[in-house]
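S.K.: This one is target.pdb, PDB, C-alpha atoms, pLDDT in the B column.
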```pdb
ATOM      1  CA  GLN A   1      90.565 107.463 120.847  1.00 87.00           C
ATOM      2  CA  GLU A   2      89.529 103.841 121.226  1.00 91.00           C
ATOM      3  CA  ALA A   3      92.953 102.701 120.010  1.00 92.00           C
ATOM      4  CA  SER A   4      94.718 104.845 122.620  1.00 92.00           C
ATOM      5  CA  ARG A   5      92.367 103.558 125.333  1.00 93.00           C
ATOM      6  CA  LEU A   6      93.005  99.911 124.435  1.00 94.00           C
ATOM      7  CA  LEU A   7      96.759 100.433 124.370  1.00 95.00           C
ATOM      8  CA  ALA A   8      96.691 102.113 127.783  1.00 94.00           C
ATOM      9  CA  THR A   9      94.448  99.443 129.311  1.00 94.00           C
ATOM     10  CA  PHE A  10      96.518  96.457 128.237  1.00 95.00           C
ATOM     11  CA  SER A  11     100.013  97.963 128.528  1.00 93.00           C
ATOM     12  CA  HIS A  12      99.362  99.850 131.794  1.00 92.00           C
ATOM     13  CA  GLN A  13     101.304 102.699 130.198  1.00 93.00           C
ATOM     14  CA  LEU A  14     100.281 105.776 128.226  1.00 92.00           C
ATOM     15  CA  GLY A  15      98.358 104.972 125.024  1.00 93.00           C
ATOM     16  CA  LEU A  16      98.740 107.385 122.093  1.00 93.00           C
ATOM     17  CA  ALA A  17      96.997 107.930 118.764  1.00 92.00           C
ATOM     18  CA  LEU A  18      97.242 110.773 116.288  1.00 87.00           C
ATOM     19  CA  ALA A  19      96.463 111.804 112.725  1.00 79.00           C
ATOM     20  CA  ALA A  20      98.756 114.444 111.295  1.00 70.00           C
ATOM     21  CA  SER A  21      97.372 117.343 109.268  1.00 69.00           C
ATOM     22  CA  LEU A  22      98.340 117.528 105.589  1.00 72.00           C
ATOM     23  CA  ASP A  23      98.299 121.337 105.644  1.00 76.00           C
ATOM     24  CA  GLY A  24     102.089 121.612 105.744  1.00 77.00           C
ATOM     25  CA  GLU A  25     102.644 119.244 102.808  1.00 79.00           C
ATOM     26  CA  PRO A  26     104.015 120.914  99.642  1.00 88.00           C
ATOM     27  CA  LEU A  27     101.645 121.045  96.680  1.00 91.00           C
ATOM     28  CA  ALA A  28     103.403 119.157  93.863  1.00 92.00           C
ATOM     29  CA  SER A  29     100.705 119.072  91.183  1.00 93.00           C
ATOM     30  CA  LEU A  30      97.281 120.501  90.413  1.00 94.00           C
ATOM     31  CA  ASP A  31      94.727 119.391  87.825  1.00 94.00           C
ATOM     32  CA  LEU A  32      91.159 120.389  86.976  1.00 93.00           C
ATOM     33  CA  GLU A  33      89.043 117.694  85.324  1.00 92.00           C
ATOM     34  CA  PRO A  34      85.602 118.626  83.894  1.00 91.00           C
ATOM     35  CA  LEU A  35      82.767 116.368  85.054  1.00 90.00           C
ATOM     36  CA  ALA A  36      79.866 118.488  83.732  1.00 89.00           C
ATOM     37  CA  PRO A  37      79.453 122.141  82.615  1.00 87.00           C
ATOM     38  CA  SER A  38      79.023 123.214  86.246  1.00 92.00           C
ATOM     39  CA  ARG A  39      80.976 120.472  87.996  1.00 92.00           C
ATOM     40  CA  VAL A  40      84.765 120.059  88.153  1.00 93.00           C
ATOM     41  CA  MET A  41      87.155 117.740  89.961  1.00 92.00           C
ATOM     42  CA  LEU A  42      90.169 119.449  91.545  1.00 92.00           C
ATOM     43  CA  VAL A  43      93.065 117.049  92.126  1.00 91.00           C
ATOM     44  CA  LEU A  44      95.834 118.334  94.399  1.00 90.00           C
ATOM     45  CA  GLY A  45      98.944 116.151  94.331  1.00 88.00           C
ATOM     46  CA  LEU A  46     101.189 116.026  97.395  1.00 81.00           C
ATOM     47  CA  ALA A  47     104.579 114.528  98.157  1.00 71.00           C
ATOM     48  CA  GLY A  48     104.822 110.767  98.488  1.00 61.00           C
ATOM     49  CA  GLN A  49     102.175 110.095  95.807  1.00 60.00           C
ATOM     50  CA  ARG A  50      99.377 111.292  98.090  1.00 68.00           C
ATOM     51  CA  SER A  51      96.597 113.543  96.840  1.00 75.00           C
ATOM     52  CA  ARG A  52      93.566 115.502  97.944  1.00 78.00           C
ATOM     53  CA  THR A  53      90.560 115.443  95.595  1.00 84.00           C
ATOM     54  CA  LEU A  54      87.624 117.877  95.684  1.00 87.00           C
ATOM     55  CA  VAL A  55      84.469 117.925  93.570  1.00 90.00           C
ATOM     56  CA  LEU A  56      83.552 121.546  92.878  1.00 93.00           C
ATOM     57  CA  GLU A  57      80.024 122.767  92.118  1.00 93.00           C
ATOM     58  CA  LEU A  58      80.467 125.916  89.992  1.00 94.00           C
ATOM     59  CA  ASP A  59      77.909 128.734  90.219  1.00 93.00           C
ATOM     60  CA  THR A  60      78.642 129.584  86.561  1.00 93.00           C
ATOM     61  CA  PRO A  61      79.367 126.971  83.845  1.00 94.00           C
ATOM     62  CA  LEU A  62      82.877 126.996  82.354  1.00 92.00           C
ATOM     63  CA  ASP A  63      83.908 125.483  79.031  1.00 91.00           C
ATOM     64  CA  PRO A  64      87.093 123.373  78.631  1.00 90.00           C
ATOM     65  CA  SER A  65      89.160 126.309  77.349  1.00 92.00           C
ATOM     66  CA  ASP A  66      88.260 128.332  80.470  1.00 92.00           C
ATOM     67  CA  LEU A  67      89.290 125.424  82.690  1.00 93.00           C
ATOM     68  CA  ARG A  68      92.615 125.066  80.902  1.00 93.00           C
ATOM     69  CA  GLU A  69      93.312 128.753  81.549  1.00 94.00           C
ATOM     70  CA  VAL A  70      92.297 128.401  85.211  1.00 94.00           C
ATOM     71  CA  ASN A  71      94.553 125.360  85.508  1.00 94.00           C
ATOM     72  CA  LEU A  72      97.557 127.328  84.259  1.00 95.00           C
ATOM     73  CA  VAL A  73      96.879 130.282  86.559  1.00 95.00           C
ATOM     74  CA  LEU A  74      96.410 128.105  89.640  1.00 95.00           C
ATOM     75  CA  ARG A  75      99.538 126.102  88.917  1.00 95.00           C
ATOM     76  CA  GLU A  76     101.557 129.285  88.509  1.00 94.00           C
ATOM     77  CA  HIS A  77     100.372 130.728  91.813  1.00 94.00           C
ATOM     78  CA  LEU A  78      99.956 127.672  94.041  1.00 94.00           C
ATOM     79  CA  LEU A  79     102.494 124.989  93.142  1.00 94.00           C
ATOM     80  CA  GLY A  80     105.458 124.830  95.489  1.00 91.00           C
ATOM     81  CA  GLY A  81     103.531 126.259  98.419  1.00 91.00           C
ATOM     82  CA  SER A  82     101.849 124.191 101.106  1.00 89.00           C
ATOM     83  CA  LEU A  83      98.391 122.669 100.900  1.00 87.00           C
ATOM     84  CA  GLY A  84      97.267 125.001 103.696  1.00 86.00           C
ATOM     85  CA  SER A  85      98.512 128.095 101.896  1.00 91.00           C
ATOM     86  CA  ALA A  86      96.742 126.957  98.706  1.00 91.00           C
ATOM     87  CA  ARG A  87      93.437 126.790 100.603  1.00 88.00           C
ATOM     88  CA  THR A  88      94.022 130.250 102.082  1.00 90.00           C
ATOM     89  CA  ARG A  89      94.945 131.823  98.748  1.00 91.00           C
ATOM     90  CA  LEU A  90      91.955 130.328  96.962  1.00 90.00           C
ATOM     91  CA  ALA A  91      89.717 131.905  99.597  1.00 89.00           C
ATOM     92  CA  SER A  92      91.244 135.386  99.762  1.00 89.00           C
ATOM     93  CA  ASP A  93      94.027 136.155  97.259  1.00 91.00           C
ATOM     94  CA  PRO A  94      93.010 139.304  95.283  1.00 91.00           C
ATOM     95  CA  GLU A  95      95.390 138.369  92.471  1.00 88.00           C
ATOM     96  CA  LEU A  96      93.488 135.139  91.860  1.00 88.00           C
ATOM     97  CA  ALA A  97      90.154 136.933  92.213  1.00 86.00           C
ATOM     98  CA  SER A  98      91.090 139.302  89.374  1.00 88.00           C
ATOM     99  CA  HIS A  99      90.585 136.468  86.850  1.00 90.00           C
ATOM    100  CA  SER A 100      86.847 135.896  86.381  1.00 92.00           C
ATOM    101  CA  ALA A 101      87.076 132.172  85.557  1.00 93.00           C
ATOM    102  CA  VAL A 102      89.609 131.589  88.339  1.00 94.00           C
ATOM    103  CA  ARG A 103      87.316 133.434  90.740  1.00 94.00           C
ATOM    104  CA  ILE A 104      84.456 131.030  89.901  1.00 94.00           C
ATOM    105  CA  VAL A 105      86.635 127.976  90.591  1.00 94.00           C
ATOM    106  CA  ALA A 106      88.154 129.529  93.739  1.00 93.00           C
ATOM    107  CA  ARG A 107      84.683 130.237  95.177  1.00 93.00           C
ATOM    108  CA  ALA A 108      83.624 126.650  94.586  1.00 93.00           C
ATOM    109  CA  ALA A 109      86.862 125.307  96.068  1.00 91.00           C
ATOM    110  CA  THR A 110      86.428 127.427  99.192  1.00 90.00           C
ATOM    111  CA  VAL A 111      82.902 126.052  99.714  1.00 88.00           C
ATOM    112  CA  SER A 112      83.965 122.442  99.071  1.00 84.00           C
ATOM    113  CA  TRP A 113      87.220 122.592 101.019  1.00 81.00           C
ATOM    114  CA  GLY A 114      86.161 124.448 104.135  1.00 64.00           C
ATOM    115  CA  ARG A 115      88.574 124.555 107.028  1.00 51.00           C
ATOM    116  CA  SER A 116      91.518 122.255 107.602  1.00 51.00           C
ATOM    117  CA  VAL A 117      90.901 119.188 109.727  1.00 51.00           C
ATOM    118  CA  GLU A 118      93.244 119.141 112.697  1.00 55.00           C
ATOM    119  CA  THR A 119      93.299 115.976 114.797  1.00 59.00           C
ATOM    120  CA  PRO A 120      95.080 116.423 118.130  1.00 71.00           C
ATOM    121  CA  LEU A 121      97.264 113.877 119.847  1.00 82.00           C
ATOM    122  CA  LEU A 122      94.843 111.545 121.649  1.00 84.00           C
ATOM    123  CA  THR A 123      96.035 110.077 124.924  1.00 89.00           C
ATOM    124  CA  ALA A 124      94.731 107.624 127.506  1.00 90.00           C
ATOM    125  CA  GLY A 125      96.205 106.311 130.717  1.00 88.00           C
ATOM    126  CA  VAL A 126      97.930 109.398 132.112  1.00 86.00           C
ATOM    127  CA  SER A 127      97.196 107.946 135.562  1.00 85.00           C
ATOM    128  CA  HIS A 128      99.485 105.002 134.720  1.00 85.00           C
ATOM    129  CA  MET A 129     102.337 107.404 134.063  1.00 82.00           C
ATOM    130  CA  VAL A 130     101.702 109.394 137.244  1.00 79.00           C
ATOM    131  CA  GLY A 131     101.984 106.150 139.209  1.00 80.00           C
ATOM    132  CA  GLN A 132     105.441 105.275 137.834  1.00 82.00           C
ATOM    133  CA  PRO A 133     108.358 105.697 140.285  1.00 82.00           C
ATOM    134  CA  GLU A 134     110.260 107.650 137.618  1.00 77.00           C
ATOM    135  CA  PHE A 135     107.741 110.456 138.103  1.00 78.00           C
ATOM    136  CA  ALA A 136     107.486 110.556 141.878  1.00 72.00           C
ATOM    137  CA  ASP A 137     109.020 114.016 141.534  1.00 71.00           C
ATOM    138  CA  ALA A 138     106.564 116.385 139.814  1.00 68.00           C
ATOM    139  CA  ALA A 139     109.490 118.268 138.253  1.00 74.00           C
ATOM    140  CA  GLN A 140     110.243 115.171 136.145  1.00 75.00           C
ATOM    141  CA  LEU A 141     106.637 114.736 135.028  1.00 78.00           C
ATOM    142  CA  GLY A 142     106.069 118.360 133.990  1.00 80.00           C
ATOM    143  CA  PRO A 143     108.164 118.345 130.765  1.00 81.00           C
ATOM    144  CA  VAL A 144     106.486 115.112 129.629  1.00 81.00           C
ATOM    145  CA  LEU A 145     102.992 116.502 130.177  1.00 81.00           C
ATOM    146  CA  ARG A 146     103.921 119.691 128.287  1.00 81.00           C
ATOM    147  CA  ALA A 147     105.228 117.592 125.382  1.00 81.00           C
ATOM    148  CA  LEU A 148     101.960 115.644 125.337  1.00 81.00           C
ATOM    149  CA  GLU A 149      99.957 118.859 125.413  1.00 77.00           C
ATOM    150  CA  SER A 150     101.754 120.363 122.397  1.00 72.00           C
ATOM    151  CA  GLY A 151     101.769 117.085 120.440  1.00 70.00           C
ATOM    152  CA  SER A 152     104.205 118.384 117.806  1.00 67.00           C
ATOM    153  CA  ALA A 153     107.126 116.191 118.893  1.00 74.00           C
ATOM    154  CA  PHE A 154     104.960 113.086 118.741  1.00 79.00           C
ATOM    155  CA  GLU A 155     103.821 113.790 115.190  1.00 73.00           C
ATOM    156  CA  ARG A 156     107.453 113.766 114.085  1.00 74.00           C
ATOM    157  CA  LEU A 157     108.491 110.801 116.228  1.00 81.00           C
ATOM    158  CA  MET A 158     105.502 108.537 115.623  1.00 83.00           C
ATOM    159  CA  VAL A 159     104.540 109.221 112.016  1.00 75.00           C
ATOM    160  CA  SER A 160     107.981 109.493 110.435  1.00 62.00           C
ATOM    161  CA  GLY A 161     109.857 107.354 112.911  1.00 50.00           C
ATOM    162  CA  PRO A 162     113.490 106.316 112.567  1.00 46.00           C
ATOM    163  CA  GLN A 163     114.313 106.638 108.870  1.00 40.00           C
ATOM    164  CA  GLY A 164     110.631 106.328 107.992  1.00 41.00           C
ATOM    165  CA  HIS A 165     110.515 102.543 108.446  1.00 47.00           C
ATOM    166  CA  ALA A 166     107.117 100.827 108.344  1.00 58.00           C
ATOM    167  CA  GLY A 167     105.847  98.568 111.134  1.00 80.00           C
ATOM    168  CA  VAL A 168     106.508  98.811 114.860  1.00 88.00           C
ATOM    169  CA  GLN A 169     109.280 101.219 115.846  1.00 88.00           C
ATOM    170  CA  VAL A 170     111.007 101.632 119.206  1.00 90.00           C
ATOM    171  CA  GLY A 171     112.583 104.898 120.322  1.00 88.00           C
ATOM    172  CA  VAL A 172     114.497 105.034 123.607  1.00 87.00           C
ATOM    173  CA  GLY A 173     114.728 108.551 125.008  1.00 80.00           C
ATOM    174  CA  PRO A 174     113.341 109.811 121.655  1.00 76.00           C
ATOM    175  CA  ALA A 175     113.326 113.512 122.599  1.00 75.00           C
ATOM    176  CA  HIS A 176     114.778 115.790 125.287  1.00 77.00           C
ATOM    177  CA  ALA A 177     111.527 115.960 127.289  1.00 73.00           C
ATOM    178  CA  LEU A 178     111.192 112.164 126.987  1.00 81.00           C
ATOM    179  CA  ALA A 179     114.785 111.298 127.892  1.00 81.00           C
ATOM    180  CA  THR A 180     113.771 108.787 130.571  1.00 82.00           C
ATOM    181  CA  LEU A 181     111.077 107.118 128.460  1.00 87.00           C
ATOM    182  CA  SER A 182     110.622 104.729 125.557  1.00 91.00           C
ATOM    183  CA  LEU A 183     108.161 105.172 122.698  1.00 92.00           C
ATOM    184  CA  VAL A 184     106.804 102.137 120.841  1.00 94.00           C
ATOM    185  CA  SER A 185     104.834 103.270 117.784  1.00 92.00           C
ATOM    186  CA  TYR A 186     103.143 101.964 114.644  1.00 92.00           C
ATOM    187  CA  PRO A 187     102.838 104.380 111.683  1.00 89.00           C
ATOM    188  CA  LEU A 188      99.506 103.982 109.878  1.00 84.00           C
ATOM    189  CA  PRO A 189      98.870 103.976 106.125  1.00 75.00           C
ATOM    190  CA  GLY A 190      96.320 106.156 104.372  1.00 64.00           C
ATOM    191  CA  ALA A 191      95.839 109.603 102.883  1.00 58.00           C
ATOM    192  CA  VAL A 192      96.294 111.257 106.275  1.00 61.00           C
ATOM    193  CA  PRO A 193      99.504 110.133 107.993  1.00 72.00           C
ATOM    194  CA  GLY A 194      98.980 108.908 111.540  1.00 85.00           C
ATOM    195  CA  ALA A 195     100.203 106.475 114.177  1.00 90.00           C
ATOM    196  CA  VAL A 196      99.328 104.666 117.384  1.00 93.00           C
ATOM    197  CA  GLY A 197     101.744 103.865 120.187  1.00 94.00           C
ATOM    198  CA  VAL A 198     102.664 103.417 123.826  1.00 95.00           C
ATOM    199  CA  LEU A 199     104.847 105.725 125.916  1.00 92.00           C
ATOM    200  CA  GLY A 200     106.353 104.353 129.098  1.00 90.00           C
ATOM    201  CA  PRO A 201     109.517 103.940 131.205  1.00 90.00           C
ATOM    202  CA  MET A 202     112.636 102.391 129.697  1.00 90.00           C
ATOM    203  CA  ARG A 203     112.154  99.346 131.932  1.00 90.00           C
ATOM    204  CA  MET A 204     108.864  98.450 130.186  1.00 91.00           C
ATOM    205  CA  ASP A 205     108.220  94.896 128.991  1.00 92.00           C
ATOM    206  CA  TYR A 206     109.250  95.491 125.368  1.00 94.00           C
ATOM    207  CA  ALA A 207     108.198  92.085 124.036  1.00 94.00           C
ATOM    208  CA  THR A 208     104.637  92.496 125.326  1.00 94.00           C
ATOM    209  CA  THR A 209     104.373  96.178 124.396  1.00 95.00           C
ATOM    210  CA  ILE A 210     105.670  95.640 120.856  1.00 95.00           C
ATOM    211  CA  ALA A 211     103.240  92.770 120.300  1.00 95.00           C
ATOM    212  CA  LEU A 212     100.357  94.882 121.636  1.00 96.00           C
ATOM    213  CA  VAL A 213     101.187  97.937 119.517  1.00 95.00           C
ATOM    214  CA  ASP A 214     101.615  95.705 116.461  1.00 94.00           C
ATOM    215  CA  LEU A 215      98.222  94.080 117.067  1.00 94.00           C
ATOM    216  CA  VAL A 216      96.327  97.351 117.591  1.00 94.00           C
ATOM    217  CA  GLY A 217      98.225  99.141 114.817  1.00 91.00           C
ATOM    218  CA  SER A 218      97.527  96.330 112.344  1.00 91.00           C
ATOM    219  CA  ARG A 219      93.843  96.357 113.206  1.00 90.00           C
ATOM    220  CA  VAL A 220      93.526 100.136 112.803  1.00 89.00           C
ATOM    221  CA  SER A 221      95.484  99.850 109.557  1.00 86.00           C
ATOM    222  CA  ASP A 222      93.028  97.242 108.269  1.00 85.00           C
ATOM    223  CA  LEU A 223      90.110  99.539 109.120  1.00 83.00           C
ATOM    224  CA  LEU A 224      91.723 102.486 107.314  1.00 74.00           C
ATOM    225  CA  THR A 225      92.473 100.522 104.153  1.00 72.00           C
ATOM    226  CA  ALA A 226      89.343  98.353 103.991  1.00 63.00           C
TER     227      ALA A 226
END
```
Starting from the coordinates I provided, produce the structure as structure tokens.
M.R.:
Amino acid sequence: QEASRLLATFSHQLGLALAASLDGEPLASLDLEPLAPSRVMLVLGLAGQRSRTLVLELDTPLDPSDLREVNLVLREHLLGGSLGSARTRLASDPELASHSAVRIVARAATVSWGRSVETPLLTAGVSHMVGQPEFADAAQLGPVLRALESGSAFERLMVSGPQGHAGVQVGVGPAHALATLSLVSYPLPGAVPGAVGVLGPMRMDYATTIALVDLVGSRVSDLLTA
């Protein structure tokens, strides 16, 4: 939120920041590593060499042979689906619950995992946009505000960007609802994909906006990877 506020303040445009959920990412690998008789590490591998790691506290100790069997069963049932569906199935799939050792691990995973973390699109400076001559007509502003409210288009445009390039990216008229606007964004590194950026009219000062987004994006990137 602070990143979006700073971008809005210094660009006099709309500042944006988001962190995309990993729930839709396909589950590419799954491994159970014993840490103690009643403690196990669950490593969930995702696309792009990312992973989600959970330490599970088991209510019943399992020996290595039990864990190997659980590993095979979970791989058979969960690999290829999304991370979100894996969490749901561990919590409620009767087929998984029919295996006693799997049921023990699934219970622990449900407690450790909890609910998915959804971070909405954070915005600041809507008043700057309302004051632009391009939006003197409310009919032109409505589609933009609806796009901001849903946030889905911005996740695709800001995080992936043109051909997935790193660093500052500029999109002119990047989507139908944003046809009269430009989006300057900076994809962020880390386990959870995210980005910061500025949305404004095509006549914006690109040199200043790009430098500003690069500065704020680099700083947030440093904080995420420190």
S.K.: On this structure, the PyMOL selection byres ((chain A and resi 24-26) around 9) would catch which residues? List them as a ChimeraX atom specification, sorted by chain and number.
M.R.: /A:21-23,27-28,45-47,79-85
S.K.: Would you put the residues from that selection into a file with C-alpha atoms, as an mmCIF file, keeping the file's coordinate frame?
M.R.:
```
data_model
loop_
_atom_site.group_PDB
_atom_site.id
_atom_site.type_symbol
_atom_site.label_atom_id
_atom_site.label_comp_id
_atom_site.auth_asym_id
_atom_site.auth_seq_id
_atom_site.Cartn_x
_atom_site.Cartn_y
_atom_site.Cartn_z
ATOM 1 C CA SER A 21 97.372 117.343 109.268
ATOM 2 C CA LEU A 22 98.340 117.528 105.589
ATOM 3 C CA ASP A 23 98.299 121.337 105.644
ATOM 4 C CA LEU A 27 101.645 121.045 96.680
ATOM 5 C CA ALA A 28 103.403 119.157 93.863
ATOM 6 C CA GLY A 45 98.944 116.151 94.331
ATOM 7 C CA LEU A 46 101.189 116.026 97.395
ATOM 8 C CA ALA A 47 104.579 114.528 98.157
ATOM 9 C CA LEU A 79 102.494 124.989 93.142
ATOM 10 C CA GLY A 80 105.458 124.830 95.489
ATOM 11 C CA GLY A 81 103.531 126.259 98.419
ATOM 12 C CA SER A 82 101.849 124.191 101.106
ATOM 13 C CA LEU A 83 98.391 122.669 100.900
ATOM 14 C CA GLY A 84 97.267 125.001 103.696
ATOM 15 C CA SER A 85 98.512 128.095 101.896
#
```
S.K.: I'd like to know which of A:Val159, A:Ala17, A:Ala207, A:Leu178 is closest to Arg5 in chain A, using only C-alpha atoms.
M.R.: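 Selected residue with least distance to Arg5 in chain A: A:Ala17.
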S.K.: Which residues, written as a list in words, have at least one atom at most 8 Å from Val73 in chain A, with all atoms listed in the file counted and residues fewer than 4 positions away on the same chain left out?
M.R.: Glu69, His77, Leu96 and Val102 of chain A
S.K.: Provide the CA of Ser218 in chain A to CA of Ala177 in chain A distance in Å, to one decimal place.
M.R.: 28.4 Å
S.K.: Give me, as CSV, each residue of range 72-178 of chain A that comes within 12 Å of range 34-43 of chain A, together with its shortest interatomic pair and the distance in Å at one decimal, counting all atoms listed in the file, with rows ordered by chain and rising residue number.
M.R.:
```
residue,atom,partner,partner_atom,distance
A:Leu74,CA,A:Leu42,CA,10.8
A:Arg75,CA,A:Val43,CA,11.6
A:Leu83,CA,A:Val43,CA,11.7
A:Ile104,CA,A:Ser38,CA,10.2
A:Val105,CA,A:Val40,CA,8.5
A:Ala106,CA,A:Leu42,CA,10.5
A:Ala108,CA,A:Val40,CA,9.3
A:Ala109,CA,A:Leu42,CA,8.1
A:Thr110,CA,A:Leu42,CA,11.7
A:Ser112,CA,A:Leu42,CA,10.2
A:Trp113,CA,A:Leu42,CA,10.4
```
S.K.: Considering all atoms listed in the file, can you say which of A:Ala101, A:Gln13, A:Ala139, A:Leu224 comes closest to Arg203 in chain A?
M.R.: A:Gln13
S.K.: Between A:Leu78, A:Ala20, A:His12, A:Arg156, which one has atoms that come closest to Pro189 in chain A, using only C-alpha atoms?
M.R.: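 Smallest separation from Pro189 in chain A among the options: A:Ala20.
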S.K.: Report, in Å to a single decimal, how far apart CA of Gly171 in chain A and CA of Ile210 in chain A are.
M.R.: 11.6 Å
S.K.: If the PyMOL selection byres ((chain A and resi 153) around 12) is run on the structure shown, which residues does it catch, given as a list in words?
M.R.: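 Going through the file, the PyMOL selection byres ((chain A and resi 153) around 12) ends up selecting Leu18, Ala20, Leu121, Val144, Arg146, Ala147, Leu148, Glu149, Ser150, Gly151, Ser152, Phe154, Glu155, Arg156, Leu157, Met158, Val159, Ser160, Gly161, Pro174, Ala175, His176, Ala177, Leu178 and Leu183 of chain A.
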S.K.: To one decimal in Å, tell me the separation between CA of Leu44 in chain A and CA of Asn71 in chain A.
M.R.: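 According to the coordinates, CA of Leu44 in chain A and CA of Asn71 in chain A are separated by 11.4 Å.
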S.K.: Let me know the residues the PyMOL selection byres ((chain A and resi 8) around 12) catches in the file above, as an mmCIF file with C-alpha atoms, in the frame of the given file.
M.R.:
```
data_model
loop_
_atom_site.group_PDB
_atom_site.id
_atom_site.type_symbol
_atom_site.label_atom_id
_atom_site.label_comp_id
_atom_site.auth_asym_id
_atom_site.auth_seq_id
_atom_site.Cartn_x
_atom_site.Cartn_y
_atom_site.Cartn_z
ATOM 1 C CA GLN A 1 90.565 107.463 120.847
ATOM 2 C CA GLU A 2 89.529 103.841 121.226
ATOM 3 C CA ALA A 3 92.953 102.701 120.010
ATOM 4 C CA SER A 4 94.718 104.845 122.620
ATOM 5 C CA ARG A 5 92.367 103.558 125.333
ATOM 6 C CA LEU A 6 93.005 99.911 124.435
ATOM 7 C CA LEU A 7 96.759 100.433 124.370
ATOM 8 C CA THR A 9 94.448 99.443 129.311
ATOM 9 C CA PHE A 10 96.518 96.457 128.237
ATOM 10 C CA SER A 11 100.013 97.963 128.528
ATOM 11 C CA HIS A 12 99.362 99.850 131.794
ATOM 12 C CA GLN A 13 101.304 102.699 130.198
ATOM 13 C CA LEU A 14 100.281 105.776 128.226
ATOM 14 C CA GLY A 15 98.358 104.972 125.024
ATOM 15 C CA LEU A 16 98.740 107.385 122.093
ATOM 16 C CA ALA A 17 96.997 107.930 118.764
ATOM 17 C CA LEU A 122 94.843 111.545 121.649
ATOM 18 C CA THR A 123 96.035 110.077 124.924
ATOM 19 C CA ALA A 124 94.731 107.624 127.506
ATOM 20 C CA GLY A 125 96.205 106.311 130.717
ATOM 21 C CA VAL A 126 97.930 109.398 132.112
ATOM 22 C CA SER A 127 97.196 107.946 135.562
ATOM 23 C CA HIS A 128 99.485 105.002 134.720
ATOM 24 C CA MET A 129 102.337 107.404 134.063
ATOM 25 C CA VAL A 196 99.328 104.666 117.384
ATOM 26 C CA GLY A 197 101.744 103.865 120.187
ATOM 27 C CA VAL A 198 102.664 103.417 123.826
ATOM 28 C CA LEU A 199 104.847 105.725 125.916
ATOM 29 C CA GLY A 200 106.353 104.353 129.098
ATOM 30 C CA THR A 209 104.373 96.178 124.396
ATOM 31 C CA LEU A 212 100.357 94.882 121.636
ATOM 32 C CA VAL A 213 101.187 97.937 119.517
ATOM 33 C CA VAL A 216 96.327 97.351 117.591
#
```
S.K.: Applying 9 Å and all atoms listed in the file, which residues near Tyr206 in chain A remain after dropping the ones on its own chain fewer than 4 positions away? List them as a list in words.
M.R.: Val170, Val184, Met202, Ile210 and Ala211 of chain A
S.K.: Which of these, A:Ser92, A:Leu32, A:Arg107, A:Glu76, has the shortest distance to Glu57 in chain A once you count only C-alpha atoms?
M.R.: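 Of A:Ser92, A:Leu32, A:Arg107, A:Glu76, the one nearest Glu57 in chain A is A:Arg107, counting only C-alpha atoms.
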